[in-house]
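Okay, model.cif now, which holds mmCIF, C-alpha atoms; chains and numbers go by the auth columns:
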```cif
data_final
#
loop_
_atom_site.group_PDB
_atom_site.id
_atom_site.type_symbol
_atom_site.label_atom_id
_atom_site.label_comp_id
_atom_site.label_asym_id
_atom_site.label_seq_id
_atom_site.Cartn_x
_atom_site.Cartn_y
_atom_site.Cartn_z
_atom_site.B_iso_or_equiv
_atom_site.auth_seq_id
_atom_site.auth_asym_id
ATOM 1 C CA MET A 1 239.576 -321.736 -38.282 0.00 1123 J
ATOM 2 C CA SER A 2 239.275 -318.186 -36.976 0.00 1124 J
ATOM 3 C CA ARG A 3 242.467 -316.261 -36.310 0.00 1125 J
ATOM 4 C CA PRO A 4 242.985 -315.420 -32.622 0.00 1126 J
ATOM 5 C CA VAL A 5 243.217 -311.691 -31.904 0.00 1127 J
ATOM 6 C CA VAL A 6 245.458 -310.232 -29.200 0.00 1128 J
ATOM 7 C CA VAL A 7 244.592 -306.789 -27.835 0.00 1129 J
ATOM 8 C CA SER A 8 247.070 -304.917 -25.661 0.00 1130 J
ATOM 9 C CA GLY A 9 247.897 -301.408 -24.541 0.00 1131 J
ATOM 10 C CA PRO A 10 248.860 -299.294 -21.536 0.00 1132 J
ATOM 11 C CA SER A 11 246.555 -299.192 -18.533 0.00 1133 J
ATOM 12 C CA GLY A 12 244.044 -296.433 -19.236 0.00 1134 J
ATOM 13 C CA CYS A 13 244.236 -296.710 -23.028 0.00 1135 J
ATOM 14 C CA GLY A 14 240.567 -297.701 -23.276 0.00 1136 J
ATOM 15 C CA LYS A 15 240.927 -301.195 -24.722 0.00 1137 J
ATOM 16 C CA SER A 16 238.281 -302.639 -22.404 0.00 1138 J
ATOM 17 C CA THR A 17 235.792 -299.999 -23.541 0.00 1139 J
ATOM 18 C CA LEU A 18 236.546 -300.773 -27.190 0.00 1140 J
ATOM 19 C CA LEU A 19 236.167 -304.512 -26.597 0.00 1141 J
ATOM 20 C CA ASN A 20 232.900 -304.043 -24.690 0.00 1142 J
ATOM 21 C CA LYS A 21 231.411 -301.980 -27.511 0.00 1143 J
ATOM 22 C CA LEU A 22 232.433 -304.564 -30.098 0.00 1144 J
ATOM 23 C CA LEU A 23 230.916 -307.403 -28.085 0.00 1145 J
ATOM 24 C CA SER A 24 227.680 -305.454 -27.559 0.00 1146 J
ATOM 25 C CA GLN A 25 226.998 -305.194 -31.304 0.00 1147 J
ATOM 26 C CA GLU A 26 224.171 -307.467 -32.453 0.00 1148 J
ATOM 27 C CA GLN A 27 225.988 -308.475 -35.654 0.00 1149 J
ATOM 28 C CA TYR A 28 228.854 -309.883 -33.578 0.00 1150 J
ATOM 29 C CA LYS A 29 226.735 -311.834 -31.139 0.00 1151 J
ATOM 30 C CA ASN A 30 228.476 -315.157 -30.375 0.00 1152 J
ATOM 31 C CA LYS A 31 231.226 -314.281 -32.876 0.00 1153 J
ATOM 32 C CA PHE A 32 233.902 -313.634 -30.233 0.00 1154 J
ATOM 33 C CA MET A 33 234.959 -315.495 -27.089 0.00 1155 J
ATOM 34 C CA PHE A 34 237.631 -314.822 -24.489 0.00 1156 J
ATOM 35 C CA SER A 35 239.939 -317.729 -23.707 0.00 1157 J
ATOM 36 C CA VAL A 36 239.710 -319.183 -20.182 0.00 1158 J
ATOM 37 C CA SER A 37 243.025 -318.888 -18.342 0.00 1159 J
ATOM 38 C CA HIS A 38 244.583 -321.321 -15.887 0.00 1160 J
ATOM 39 C CA THR A 39 245.368 -320.157 -12.354 0.00 1161 J
ATOM 40 C CA THR A 40 246.771 -321.602 -9.161 0.00 1162 J
ATOM 41 C CA ARG A 41 244.750 -319.318 -6.900 0.00 1163 J
ATOM 42 C CA ASN A 42 241.707 -320.633 -5.058 0.00 1164 J
ATOM 43 C CA PRO A 43 238.233 -320.073 -6.540 0.00 1165 J
ATOM 44 C CA ARG A 44 236.282 -317.157 -5.143 0.00 1166 J
ATOM 45 C CA PRO A 45 232.602 -317.524 -4.192 0.00 1167 J
ATOM 46 C CA GLY A 46 230.519 -318.007 -7.314 0.00 1168 J
ATOM 47 C CA GLU A 47 233.464 -318.793 -9.599 0.00 1169 J
ATOM 48 C CA GLU A 48 232.993 -321.950 -11.658 0.00 1170 J
ATOM 49 C CA ASP A 49 235.907 -324.081 -12.807 0.00 1171 J
ATOM 50 C CA GLY A 50 236.268 -323.891 -16.575 0.00 1172 J
ATOM 51 C CA VAL A 51 234.227 -320.694 -16.756 0.00 1173 J
ATOM 52 C CA ALA A 52 235.989 -318.074 -14.636 0.00 1174 J
ATOM 53 C CA TYR A 53 239.310 -319.931 -14.766 0.00 1175 J
ATOM 54 C CA HIS A 54 240.717 -323.407 -15.074 0.00 1176 J
ATOM 55 C CA PHE A 55 241.722 -323.832 -11.433 0.00 1177 J
ATOM 56 C CA THR A 56 244.753 -326.054 -10.907 0.00 1178 J
ATOM 57 C CA THR A 57 247.586 -326.816 -8.491 0.00 1179 J
ATOM 58 C CA LYS A 58 251.013 -325.236 -8.640 0.00 1180 J
ATOM 59 C CA ASP A 59 252.576 -328.625 -9.343 0.00 1181 J
ATOM 60 C CA ASN A 60 250.276 -329.192 -12.312 0.00 1182 J
ATOM 61 C CA PHE A 61 250.737 -325.639 -13.544 0.00 1183 J
ATOM 62 C CA HIS A 62 254.526 -325.909 -13.553 0.00 1184 J
ATOM 63 C CA SER A 63 254.277 -329.321 -15.212 0.00 1185 J
ATOM 64 C CA MET A 64 252.317 -327.623 -18.015 0.00 1186 J
ATOM 65 C CA VAL A 65 255.019 -324.945 -18.226 0.00 1187 J
ATOM 66 C CA ASP A 66 257.687 -327.635 -18.568 0.00 1188 J
ATOM 67 C CA GLN A 67 255.657 -329.285 -21.335 0.00 1189 J
ATOM 68 C CA GLU A 68 255.345 -325.907 -23.119 0.00 1190 J
ATOM 69 C CA LEU A 69 251.557 -326.099 -23.044 0.00 1191 J
ATOM 70 C CA PHE A 70 251.136 -322.370 -22.351 0.00 1192 J
ATOM 71 C CA LEU A 71 251.168 -319.576 -24.882 0.00 1193 J
ATOM 72 C CA GLU A 72 252.010 -317.180 -22.084 0.00 1194 J
ATOM 73 C CA TRP A 73 252.107 -317.238 -18.309 0.00 1195 J
ATOM 74 C CA ALA A 74 253.111 -315.085 -15.364 0.00 1196 J
ATOM 75 C CA GLU A 75 253.075 -314.862 -11.570 0.00 1197 J
ATOM 76 C CA PHE A 76 251.052 -312.245 -9.690 0.00 1198 J
ATOM 77 C CA GLY A 77 250.692 -312.018 -5.940 0.00 1199 J
ATOM 78 C CA GLY A 78 252.154 -315.476 -5.381 0.00 1200 J
ATOM 79 C CA ASN A 79 249.793 -317.164 -7.848 0.00 1201 J
ATOM 80 C CA ASN A 80 250.360 -318.269 -11.420 0.00 1202 J
ATOM 81 C CA TYR A 81 248.172 -317.348 -14.377 0.00 1203 J
ATOM 82 C CA GLY A 82 248.511 -318.582 -17.929 0.00 1204 J
ATOM 83 C CA THR A 83 246.842 -318.966 -21.317 0.00 1205 J
ATOM 84 C CA SER A 84 247.084 -322.522 -22.588 0.00 1206 J
ATOM 85 C CA LYS A 85 247.246 -323.373 -26.270 0.00 1207 J
ATOM 86 C CA LYS A 86 244.307 -325.731 -25.771 0.00 1208 J
ATOM 87 C CA ALA A 87 242.127 -322.975 -24.274 0.00 1209 J
ATOM 88 C CA VAL A 88 242.590 -320.967 -27.462 0.00 1210 J
ATOM 89 C CA THR A 89 242.249 -323.782 -29.989 0.00 1211 J
ATOM 90 C CA ASP A 90 239.175 -325.202 -28.208 0.00 1212 J
ATOM 91 C CA ILE A 91 237.269 -322.035 -29.083 0.00 1213 J
ATOM 92 C CA SER A 92 237.717 -322.731 -32.800 0.00 1214 J
ATOM 93 C CA THR A 93 235.822 -326.019 -32.407 0.00 1215 J
ATOM 94 C CA LYS A 94 232.721 -324.348 -30.986 0.00 1216 J
ATOM 95 C CA PRO A 95 229.645 -323.833 -33.185 0.00 1217 J
ATOM 96 C CA GLY A 96 229.857 -320.771 -35.398 0.00 1218 J
ATOM 97 C CA ASN A 97 233.665 -320.692 -35.539 0.00 1219 J
ATOM 98 C CA PRO A 98 234.024 -317.823 -33.008 0.00 1220 J
ATOM 99 C CA VAL A 99 237.148 -315.699 -32.807 0.00 1221 J
ATOM 100 C CA CYS A 100 239.302 -316.138 -29.700 0.00 1222 J
ATOM 101 C CA LEU A 101 240.099 -312.817 -27.997 0.00 1223 J
ATOM 102 C CA LEU A 102 243.114 -312.392 -25.738 0.00 1224 J
ATOM 103 C CA ASP A 103 243.389 -309.213 -23.647 0.00 1225 J
ATOM 104 C CA LEU A 104 247.018 -309.387 -22.535 0.00 1226 J
ATOM 105 C CA GLU A 105 249.663 -307.437 -20.701 0.00 1227 J
ATOM 106 C CA MET A 106 252.768 -306.680 -22.754 0.00 1228 J
ATOM 107 C CA ASN A 107 254.818 -309.478 -21.166 0.00 1229 J
ATOM 108 C CA GLY A 108 252.225 -311.960 -22.415 0.00 1230 J
ATOM 109 C CA VAL A 109 252.382 -310.435 -25.885 0.00 1231 J
ATOM 110 C CA LYS A 110 256.160 -310.826 -25.920 0.00 1232 J
ATOM 111 C CA GLN A 111 255.849 -314.499 -25.022 0.00 1233 J
ATOM 112 C CA LEU A 112 253.366 -315.079 -27.856 0.00 1234 J
ATOM 113 C CA LYS A 113 255.591 -313.203 -30.293 0.00 1235 J
ATOM 114 C CA ALA A 114 258.519 -315.420 -29.284 0.00 1236 J
ATOM 115 C CA LEU A 115 256.460 -318.528 -30.075 0.00 1237 J
ATOM 116 C CA ASP A 116 255.436 -317.047 -33.418 0.00 1238 J
ATOM 117 C CA ALA A 117 259.108 -316.451 -34.233 0.00 1239 J
ATOM 118 C CA LYS A 118 259.760 -320.158 -33.658 0.00 1240 J
ATOM 119 C CA ASN A 119 256.659 -321.121 -35.702 0.00 1241 J
ATOM 120 C CA ASN A 120 255.222 -322.570 -32.502 0.00 1242 J
ATOM 121 C CA GLY A 121 252.466 -320.020 -32.012 0.00 1243 J
ATOM 122 C CA LEU A 122 248.922 -319.695 -33.348 0.00 1244 J
ATOM 123 C CA ASN A 123 249.413 -316.958 -35.950 0.00 1245 J
ATOM 124 C CA CYS A 124 247.681 -314.401 -33.760 0.00 1246 J
ATOM 125 C CA TYR A 125 246.693 -310.958 -35.027 0.00 1247 J
ATOM 126 C CA TYR A 126 248.020 -308.210 -32.755 0.00 1248 J
ATOM 127 C CA ILE A 127 246.251 -304.906 -32.048 0.00 1249 J
ATOM 128 C CA PHE A 128 247.954 -302.226 -29.945 0.00 1250 J
ATOM 129 C CA ILE A 129 245.745 -299.540 -28.394 0.00 1251 J
ATOM 130 C CA ASN A 130 247.777 -296.438 -27.597 0.00 1252 J
ATOM 131 C CA VAL A 131 247.044 -293.167 -25.825 0.00 1253 J
ATOM 132 C CA PRO A 132 247.499 -289.774 -27.545 0.00 1254 J
ATOM 133 C CA SER A 133 250.246 -288.855 -25.077 0.00 1255 J
ATOM 134 C CA MET A 134 251.551 -289.665 -21.621 0.00 1256 J
ATOM 135 C CA GLU A 135 250.001 -286.375 -20.435 0.00 1257 J
ATOM 136 C CA VAL A 136 246.567 -287.556 -21.557 0.00 1258 J
ATOM 137 C CA LEU A 137 247.118 -290.919 -19.898 0.00 1259 J
ATOM 138 C CA GLU A 138 248.153 -289.268 -16.636 0.00 1260 J
ATOM 139 C CA ALA A 139 245.006 -287.126 -16.713 0.00 1261 J
ATOM 140 C CA ARG A 140 242.850 -290.223 -17.315 0.00 1262 J
ATOM 141 C CA LEU A 141 244.458 -292.137 -14.459 0.00 1263 J
ATOM 142 C CA ARG A 142 244.174 -289.193 -12.083 0.00 1264 J
ATOM 143 C CA GLY A 143 240.548 -288.793 -13.118 0.00 1265 J
ATOM 144 C CA ARG A 144 239.776 -292.299 -11.893 0.00 1266 J
ATOM 145 C CA GLY A 145 240.626 -291.255 -8.365 0.00 1267 J
ATOM 146 C CA THR A 146 241.826 -294.753 -7.521 0.00 1268 J
ATOM 147 C CA GLU A 147 245.582 -294.261 -7.677 0.00 1269 J
ATOM 148 C CA THR A 148 248.083 -293.150 -5.064 0.00 1270 J
ATOM 149 C CA GLU A 149 250.885 -290.948 -6.366 0.00 1271 J
ATOM 150 C CA GLU A 150 253.284 -293.886 -6.104 0.00 1272 J
ATOM 151 C CA SER A 151 251.040 -296.328 -7.986 0.00 1273 J
ATOM 152 C CA LEU A 152 250.294 -293.693 -10.621 0.00 1274 J
ATOM 153 C CA GLN A 153 253.970 -293.107 -11.314 0.00 1275 J
ATOM 154 C CA LYS A 154 254.526 -296.866 -11.594 0.00 1276 J
ATOM 155 C CA ARG A 155 251.674 -297.134 -14.111 0.00 1277 J
ATOM 156 C CA LEU A 156 253.085 -294.265 -16.153 0.00 1278 J
ATOM 157 C CA ALA A 157 256.550 -295.806 -16.195 0.00 1279 J
ATOM 158 C CA ARG A 158 255.082 -299.148 -17.276 0.00 1280 J
ATOM 159 C CA ALA A 159 252.978 -297.389 -19.917 0.00 1281 J
ATOM 160 C CA MET A 160 256.074 -295.790 -21.423 0.00 1282 J
ATOM 161 C CA GLN A 161 257.726 -299.213 -21.689 0.00 1283 J
ATOM 162 C CA ASP A 162 254.573 -300.672 -23.260 0.00 1284 J
ATOM 163 C CA GLU A 163 254.376 -297.811 -25.745 0.00 1285 J
ATOM 164 C CA THR A 164 257.993 -298.318 -26.798 0.00 1286 J
ATOM 165 C CA PHE A 165 257.392 -301.991 -27.565 0.00 1287 J
ATOM 166 C CA GLY A 166 253.915 -301.441 -28.965 0.00 1288 J
ATOM 167 C CA THR A 167 254.961 -298.815 -31.492 0.00 1289 J
ATOM 168 C CA THR A 168 258.091 -300.643 -32.660 0.00 1290 J
ATOM 169 C CA PRO A 169 257.511 -301.621 -36.306 0.00 1291 J
ATOM 170 C CA GLY A 170 256.680 -305.298 -36.731 0.00 1292 J
ATOM 171 C CA ASN A 171 255.494 -305.961 -33.185 0.00 1293 J
ATOM 172 C CA PHE A 172 251.794 -305.322 -33.873 0.00 1294 J
ATOM 173 C CA ASN A 173 249.664 -305.663 -36.985 0.00 1295 J
ATOM 174 C CA VAL A 174 247.723 -302.500 -36.173 0.00 1296 J
ATOM 175 C CA ILE A 175 248.345 -299.512 -33.901 0.00 1297 J
ATOM 176 C CA ILE A 176 245.274 -297.469 -32.919 0.00 1298 J
ATOM 177 C CA VAL A 177 245.581 -294.180 -31.053 0.00 1299 J
ATOM 178 C CA ASN A 178 242.503 -293.832 -28.851 0.00 1300 J
ATOM 179 C CA ASP A 179 242.083 -290.060 -29.019 0.00 1301 J
ATOM 180 C CA ASP A 180 238.580 -289.759 -30.484 0.00 1302 J
ATOM 181 C CA PHE A 181 236.670 -292.848 -29.296 0.00 1303 J
ATOM 182 C CA ASP A 182 234.308 -293.123 -32.281 0.00 1304 J
ATOM 183 C CA ILE A 183 237.186 -292.962 -34.755 0.00 1305 J
ATOM 184 C CA ALA A 184 239.225 -295.397 -32.673 0.00 1306 J
ATOM 185 C CA TYR A 185 236.305 -297.835 -32.565 0.00 1307 J
ATOM 186 C CA LYS A 186 235.868 -297.778 -36.352 0.00 1308 J
ATOM 187 C CA LYS A 187 239.567 -298.588 -36.754 0.00 1309 J
ATOM 188 C CA PHE A 188 239.287 -301.277 -34.080 0.00 1310 J
ATOM 189 C CA GLU A 189 236.325 -302.909 -35.793 0.00 1311 J
ATOM 190 C CA ALA A 190 238.072 -302.708 -39.177 0.00 1312 J
ATOM 191 C CA ALA A 191 241.130 -304.439 -37.699 0.00 1313 J
ATOM 192 C CA MET A 192 238.964 -307.250 -36.327 0.00 1314 J
ATOM 193 C CA LEU A 193 237.445 -307.762 -39.780 0.00 1315 J
ATOM 194 C CA GLU A 194 240.859 -307.676 -41.419 0.00 1316 J
ATOM 195 C CA ALA A 195 242.035 -310.429 -39.085 0.00 1317 J
ATOM 196 C CA ASN A 196 238.913 -312.510 -39.753 0.00 1318 J
ATOM 197 C CA PRO A 197 237.262 -311.538 -43.060 0.00 1319 J
ATOM 198 C CA HIS A 198 234.551 -314.173 -42.599 0.00 1320 J
ATOM 199 C CA LEU A 199 232.956 -311.834 -40.017 0.00 1321 J
ATOM 200 C CA LYS A 200 232.111 -309.291 -42.702 0.00 1322 J
ATOM 201 C CA PRO A 201 228.390 -309.273 -43.556 0.00 1323 J
ATOM 202 C CA PRO A 202 227.437 -310.323 -47.106 0.00 1324 J
ATOM 203 C CA GLU A 203 227.439 -307.404 -49.531 0.00 1325 J
ATOM 204 C CA ASN A 204 223.855 -308.164 -50.466 0.00 1326 J
ATOM 205 C CA LEU A 205 222.699 -308.185 -46.838 0.00 1327 J
ATOM 206 C CA LEU A 206 220.542 -305.093 -47.382 0.00 1328 J
ATOM 207 C CA GLY A 207 219.026 -306.411 -50.605 0.00 1329 J
ATOM 208 C CA ASP A 208 218.140 -304.252 -53.574 0.00 1330 J
ATOM 209 C CA VAL A 209 217.820 -300.544 -52.912 0.00 1331 J
#
```
Please rewrite the model in this file as structure tokens.
Amino acid sequence: MSRPVVVSGPSGCGKSTLLNKLLSQEQYKNKFMFSVSHTTRNPRPGEEDGVAYHFTTKDNFHSMVDQELFLEWAEFGGNNYGTSKKAVTDISTKPGNPVCLLDLEMNGVKQLKALDAKNNGLNCYYIFINVPSMEVLEARLRGRGTETEESLQKRLARAMQDETFGTTPGNFNVIIVNDDFDIAYKKFEAAMLEANPHLKPPENLLGDV
């Protein structure tokens, strides 16, 4: 069974860009899959149940919480979102033994870590993507042109909290500072292979030279 990999980091750290590059590589085609979360919000046009989300009622969602069926869950904008244990383990039964990827906020990471501490988790491998400095992060966020001054300051404050937890020894298996993207990607790819060595290509893949 592949080992699930959790990727987290402050908003603007570049984790989505790193993940997109990894998933675009031909050698990793069909080797990774994102888990499908549960949500109590209504489907949007074009969203398919079981693909975009597992859409459910609030009563059913909270029943699943009571039964401890979620690895992590939270409430945003009046709706609940959560990652069920089944959504993660189901991926391991798919052809090719793909690796389950979880792109989580830090609160979700903390919930998974708490389950691991009770031996009730899934032995996830944790990767923290950090920024070189808060000054660099502020410049990146301002460069997007999508933030008000108030929202930007909130993101920076949250990023500082995330960085404190993310860089605390023992909380993550690997910490990658995304300063130079190419270097960061090589470290990111190496971490993925460390978590799941079966993804490494055979040494004789290139044949005799």
Query raised in the report: Of the candidates J:Val1187, J:Leu1244, J:Leu1321, J:Leu1278, which one gets nearest to Ser1133 (chain J) if we count only C-alpha atoms?
Result: J:Leu1278
Report the centre and edge lengths, in Å to one decimal, of an axis-aligned box enclosing every atom of region 1299-1316 of chain J listed in the file, padded by 8 Å on each side, as lines of an AutoDock Vina configuration file.
```
center_x = 239.9
center_y = -298.8
center_z = -35.1
size_x = 27.3
size_y = 34.0
size_z = 28.6
```
Requested in this report: For the file shown, report as a list in words the outcome of the PyMOL selection byres ((chain J and resi 1252) around 8) at residue level.
Outcome: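 With the PyMOL selection byres ((chain J and resi 1252) around 8) on this model, the match is Gly1131, Pro1132, Cys1135, Phe1250, Ile1251, Val1253, Pro1254, Glu1285, Ile1297, Ile1298, Val1299 and Asn1300 of chain J.
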Query - Residues near Asn1182 (chain J), cut-off 12 Å, only C-alpha atoms, skip fewer than 6 positions along chain, as number ranges by chain - result: J: 1160-1162, 1176, 1188-1189, 1191, 1202
Considering only C-alpha atoms, tabulate each residue of region 1192-1233 of chain J that lies at most 12 Å from region 1140-1143 of chain J along with its nearest interatomic pair and the corresponding distance in Å to one decimal; arrange the rows by chain and ascending residue number and present them as a Markdown table.
```
| residue | atom | partner | partner_atom | distance |
| --- | --- | --- | --- | --- |
| J:Leu1223 | CA | J:Leu1141 | CA | 9.3 |
| J:Leu1224 | CA | J:Leu1141 | CA | 10.5 |
| J:Asp1225 | CA | J:Leu1141 | CA | 9.1 |
```
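The coordinates place CA of Val1129 (chain J) at 9.6 Å from CA of Met1228 (chain J).
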Requested in this report: Identify which of the residues J:Gly1288, J:Gly1199, J:Pro1167, J:Gly1204 lies closest to His1184 (chain J), counting all atoms listed in the file when measuring atom-to-atom distances.
Outcome: J:Gly1204
Requested in this report: With the file shown as input, list the residues that the PyMOL selection byres ((chain J and resi 1229) around 12) selects, as an NGL selection string.
Outcome: :J and (1130-1132 or 1193-1197 or 1204 or 1225-1228 or 1230-1236 or 1280 or 1283-1284 or 1287-1288)
Query raised in the report: For the atom pair CA of Ala1313 (chain J) and CA of Pro1126 (chain J), what is the interatomic distance in Å to one decimal place?
Result: 12.2 Å
Report summary line: Shortest contact to Glu1269 (chain J), candidates J:Gly1134, J:Gly1172, J:Val1128, J:Tyr1150, atoms counted all atoms listed in the file, goes to J:Gly1134
Requested in this report: Using CA of Lys1322 (chain J) and CA of Leu1145 (chain J) as the two end points, give the distance in Å to one decimal.
Outcome: 14.8 Å
Query raised in the report: Looking at J:Val1296, J:Arg1277, J:Ser1146, J:Ile1249, which one is nearest to Arg1262 (chain J), with distances taken over only C-alpha atoms?
Result: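 Answer, going by the shortest atom-to-atom distance: J:Arg1277.
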Query - Among the residues J:Thr1268, J:Ser1159, J:Ser1124, J:Ser1185, the one that comes closest to Asn1245 (chain J) [using all atoms listed in the file] - result: J:Ser1124
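Residue nearest Gly1136 (chain J), chosen from J:Met1314, J:Leu1274, J:Ala1306, J:Val1210 and counting only C-alpha atoms: J:Ala1306.
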Query - Residues within 12 Å of Pro1220 (chain J), only C-alpha atoms, excluding chain neighbours under 6 positions, as a PyMOL selection string - result: chain J and resi 1123-1127+1145+1150-1157+1210-1214+1318+1320-1321
Would you mind putting back N, CA, C and O atoms on region 1221-1233 of chain J, then writing it out as a PDB file, in the coordinates of the input?
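This is the output file result.pdb:
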```pdb
ATOM      1  N   VAL J1221     235.779-316.196 -32.877  1.00  0.00           N
ATOM      2  CA  VAL J1221     237.148-315.699 -32.807  1.00  0.00           C
ATOM      3  C   VAL J1221     237.592-315.651 -31.349  1.00  0.00           C
ATOM      4  O   VAL J1221     236.870-315.132 -30.491  1.00  0.00           O
ATOM      5  N   CYS J1222     238.764-316.186 -31.057  1.00  0.00           N
ATOM      6  CA  CYS J1222     239.302-316.138 -29.700  1.00  0.00           C
ATOM      7  C   CYS J1222     239.947-314.777 -29.461  1.00  0.00           C
ATOM      8  O   CYS J1222     240.812-314.345 -30.232  1.00  0.00           O
ATOM      9  N   LEU J1223     239.530-314.102 -28.391  1.00  0.00           N
ATOM     10  CA  LEU J1223     240.099-312.817 -27.997  1.00  0.00           C
ATOM     11  C   LEU J1223     241.017-313.008 -26.801  1.00  0.00           C
ATOM     12  O   LEU J1223     240.670-313.712 -25.850  1.00  0.00           O
ATOM     13  N   LEU J1224     242.188-312.367 -26.866  1.00  0.00           N
ATOM     14  CA  LEU J1224     243.114-312.392 -25.738  1.00  0.00           C
ATOM     15  C   LEU J1224     243.464-310.957 -25.377  1.00  0.00           C
ATOM     16  O   LEU J1224     244.042-310.227 -26.186  1.00  0.00           O
ATOM     17  N   ASP J1225     243.079-310.549 -24.173  1.00  0.00           N
ATOM     18  CA  ASP J1225     243.389-309.213 -23.647  1.00  0.00           C
ATOM     19  C   ASP J1225     244.592-309.387 -22.728  1.00  0.00           C
ATOM     20  O   ASP J1225     244.458-309.859 -21.605  1.00  0.00           O
ATOM     21  N   LEU J1226     245.794-309.030 -23.239  1.00  0.00           N
ATOM     22  CA  LEU J1226     247.018-309.387 -22.535  1.00  0.00           C
ATOM     23  C   LEU J1226     247.872-308.186 -22.151  1.00  0.00           C
ATOM     24  O   LEU J1226     247.879-307.157 -22.838  1.00  0.00           O
ATOM     25  N   GLU J1227     248.609-308.369 -21.048  1.00  0.00           N
ATOM     26  CA  GLU J1227     249.663-307.437 -20.701  1.00  0.00           C
ATOM     27  C   GLU J1227     250.815-307.623 -21.694  1.00  0.00           C
ATOM     28  O   GLU J1227     250.908-308.636 -22.389  1.00  0.00           O
ATOM     29  N   MET J1228     251.721-306.639 -21.738  1.00  0.00           N
ATOM     30  CA  MET J1228     252.768-306.680 -22.754  1.00  0.00           C
ATOM     31  C   MET J1228     253.719-307.869 -22.589  1.00  0.00           C
ATOM     32  O   MET J1228     254.222-308.408 -23.582  1.00  0.00           O
ATOM     33  N   ASN J1229     253.958-308.312 -21.353  1.00  0.00           N
ATOM     34  CA  ASN J1229     254.818-309.478 -21.166  1.00  0.00           C
ATOM     35  C   ASN J1229     254.222-310.715 -21.825  1.00  0.00           C
ATOM     36  O   ASN J1229     254.944-311.544 -22.393  1.00  0.00           O
ATOM     37  N   GLY J1230     252.899-310.850 -21.756  1.00  0.00           N
ATOM     38  CA  GLY J1230     252.225-311.960 -22.415  1.00  0.00           C
ATOM     39  C   GLY J1230     252.348-311.869 -23.922  1.00  0.00           C
ATOM     40  O   GLY J1230     252.548-312.870 -24.611  1.00  0.00           O
ATOM     41  N   VAL J1231     252.223-310.645 -24.446  1.00  0.00           N
ATOM     42  CA  VAL J1231     252.382-310.435 -25.885  1.00  0.00           C
ATOM     43  C   VAL J1231     253.770-310.859 -26.335  1.00  0.00           C
ATOM     44  O   VAL J1231     253.935-311.533 -27.359  1.00  0.00           O
ATOM     45  N   LYS J1232     254.775-310.484 -25.558  1.00  0.00           N
ATOM     46  CA  LYS J1232     256.160-310.826 -25.920  1.00  0.00           C
ATOM     47  C   LYS J1232     256.365-312.336 -25.951  1.00  0.00           C
ATOM     48  O   LYS J1232     257.083-312.856 -26.813  1.00  0.00           O
ATOM     49  N   GLN J1233     255.722-313.046 -25.024  1.00  0.00           N
ATOM     50  CA  GLN J1233     255.849-314.499 -25.022  1.00  0.00           C
ATOM     51  C   GLN J1233     255.197-315.109 -26.258  1.00  0.00           C
ATOM     52  O   GLN J1233     255.743-316.036 -26.874  1.00  0.00           O
TER      53      GLN J1233
END
```
